[in-house]
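First the structure, in the form of structure tokens, and then the observations on it.
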Amino acid sequence: MVNFEWYRTFKAIYQTGTLTGAAQELSISQPNVSQHLSALEHYTGQQLFERKPRKMVPTDYGKLFYTQIIEAVEKLETVETDFREACLYDCMPITRIGAPREFFEAIMAPHISQVPAHFIFEFGITRDLMQKLNKGELDFVIATHCTERNVVYEPVLKERFHLVGSTQLDATSLAKALAEDNLVQAEQWLTAQDWFAYSGDLMIIRRFWLNNFRKRPPVRPRYIIPDFTSILTALIHGKGVTIASDYLVCDLINRGLLQKLWATPTDTHNTIYLAYDKAHVTSKQITTMQTLFKGLQLPLE
């Protein structure tokens with residue numbers, strides 16, 4: 001019975017011109033090359049090469065044989081390579097990830113293609129995504145806070161929040177009040193502005209206010225938009241203020257698209273976690289996610 005490796009070896013000898021060259025190309029030993037050639041010649045009943053000291057010269061039958069088999073051999077080799085790559089690709093773990101849209105766009109999107117895995121993303125807020133994690137509809141959640149028991153929370157990023165506003169705002173009065181350490185006037189200026197908020201519970205704004213004014217915020221947002229990217233776009237083209245994470249606003253501030261309104265407020269920060277139920281994910285999936293965040297070199301403190 002004919003062996004496809006005999007044809008592959010014949011092709012390598014024909015194209016390299018030596019047994020040694022064929023052995024190097026095929027990553028097999030030279031005796032194996034000689035064995036394959038001898039077996040093929042025995043099978044065809046014809047001498048395919050004339051052995052010379054430094055070169056294998058194809059016989060007339062060898063030349064004819066090459067023209068007859070080369071297209072089929074190369075097609076089979078292509079099929080074999082494609083099949084091997086497809087198998088490797090299909091062995092990648094399918095991982096379902098829930099994340100805030102803005103975190104995905106700013107932090108994850110530029111790097112996901114570097115990780116060997118199938119990713120299926122779903123966007124939403126932590127509360128809704130964690131419900132889907134508990135139902136087995138997601139494998140991992142990028143969570144902004146810990147809410148569930150029996151779930152692993154691995155910290156991946158510490159975000160700091162900045163008070164920012166549109167460049168059209170005249171913040172002279174605020175700057176003067178802060179320079180004089182007059183928090184009453186600073187608060188009055190801030191409450192008079194049009195506020196953009198991520199949600200009606202004002203979680204981030206509330207924490208900022210408690211840290212800096214030691215009270216709940218007397219703020220009623222004019223706009224509630226559940227997407228920070230959209231909020232910042234609105235601020236760039238409109239007029240108002242908000243509090244947002246450093247990884248979202250620092251570049252916009254540096255580019256002059258937004259202004260930082262309070263240079264050194266009391267630090268308001270939050271830890272972002274990779275949340276998962278270790279009973280429902282494989283060790284390979286966990287390693288894949290850890291590799292992704294390790295590659296990002298995020299400023300976790």
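Naming scheme: A, B, ... for chains in displayed order of the structure tokens; residues 1 onward per chain; ligands 1 onward as shown.
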
Compile the contact shell of Ala175 (chain A) as a list in words: residues with an atom at most 12 Å away, counting only C-alpha atoms, same-chain residues fewer than 3 positions apart removed. Leu169, Asp170, Ala171, Thr172, Leu178, Ala179, Glu180, Asp181, Asn182, Leu183, Gln185, Ala186, Glu187, Trp189, Leu190, Gln259, Lys260, Leu261, Trp262, Ala263 and Thr264 of chain A

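Excluding Phe228 (chain A) itself and any same-chain residue fewer than 4 positions from it, the protein and nucleic acid residues within 10 Å of it, counting only C-alpha atoms, are Pro100, Arg101, Glu102, Phe103, Phe196, Ala197, Tyr198, Leu232, Thr233, Ala234, Thr242, Ile243, Ala244, Ser245, Leu248 and Val249 of chain A.
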
If we count only C-alpha atoms and set the cut-off at 12 Å, which residues sit around Asn134 (chain A), ignoring sequence neighbours fewer than 3 positions away in its own chain? Please answer as a list in words.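 Listed by chain and then number, they are Arg127, Asp128, Leu129, Met130, Gln131, Glu137, Leu138, Asp139, Phe140, Val141, Thr147, Glu148, Arg149, Asn150, Val151, Ala275, Tyr276, Asp277, Lys278, Ala279 and His280 of chain A.
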
Got a sec to tell me which of region 113-205 of chain A DSSP assigns to strand (DSSP E or B), as a list in words? His118, Phe119, Ile120, Phe121, Glu122, Phe123, Phe140, Val141, Ile142, Ala143, Val152, Tyr153, Glu154, Pro155, Val156, Leu157, Lys158, Glu159, Arg160, Phe161, His162, Leu163, Val164, Gly165, Ser166, Trp195, Phe196 and Ala197 of chain A

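Nearest to Leu252 (chain A) of all the residues A:Thr167, A:Thr271, A:Gln114, A:Thr9 is A:Thr167, based on only C-alpha atoms.
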
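The closest residue to Arg96 (chain A), picked from A:Lys75, A:Lys63, A:Lys132, A:Lys11 and counting only C-alpha atoms, is A:Lys132.
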
Using only C-alpha atoms, find the one residue out of A:Ile142, A:Ala12, A:Ser166, A:His36 that sits nearest to Met108 (chain A). A:Ile142

Quote the spacing between CA of Glu25 (chain A) and CA of Tyr7 (chain A) in Å to one decimal place. 13.8 Å

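Comparing A:Leu64, A:Ala192, A:Val164, A:Ile272 by their smallest distance to Gly256 (chain A), the closest is A:Val164 (using only C-alpha atoms).
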
Name the residues of region 231-285 of chain A that come out as alpha helix (DSSP H) in a backbone DSSP run; write them as a ChimeraX atom specification. /A:231-237,246-254,283-285

Now that the selection is made, can you save its residues with C-alpha atoms as a compact mmCIF listing (two decimals), in the first residue's frame?
# COMPACT_ATOMS: atom_id res chain seq x y z
CA ILE A 231 -21.26 60.96 28.57
CA LEU A 232 -17.76 62.13 27.71
CA THR A 233 -18.70 62.62 24.06
CA ALA A 234 -21.62 64.77 25.16
CA LEU A 235 -19.34 66.82 27.42
CA ILE A 236 -16.81 67.37 24.64
CA HIS A 237 -19.50 68.79 22.38
CA ASP A 246 -8.87 58.04 35.00
CA TYR A 247 -8.51 55.48 32.20
CA LEU A 248 -11.39 57.22 30.40
CA VAL A 249 -10.56 60.91 30.90
CA CYS A 250 -6.78 61.35 31.22
CA ASP A 251 -6.13 61.21 27.49
CA LEU A 252 -9.05 63.57 26.78
CA ILE A 253 -7.69 66.04 29.33
CA ASN A 254 -4.19 65.87 27.84
CA SER A 283 -8.48 26.08 34.71
CA LYS A 284 -7.57 26.82 31.08
CA GLN A 285 -10.20 29.56 30.91

Atom pair CA of Arg207 (chain A) / CA of Ala99 (chain A): separation (Å): 21.9 Å

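Reported to one decimal place, the separation of CA of Glu5 (chain A) from CA of Glu77 (chain A) is 10.5 Å.
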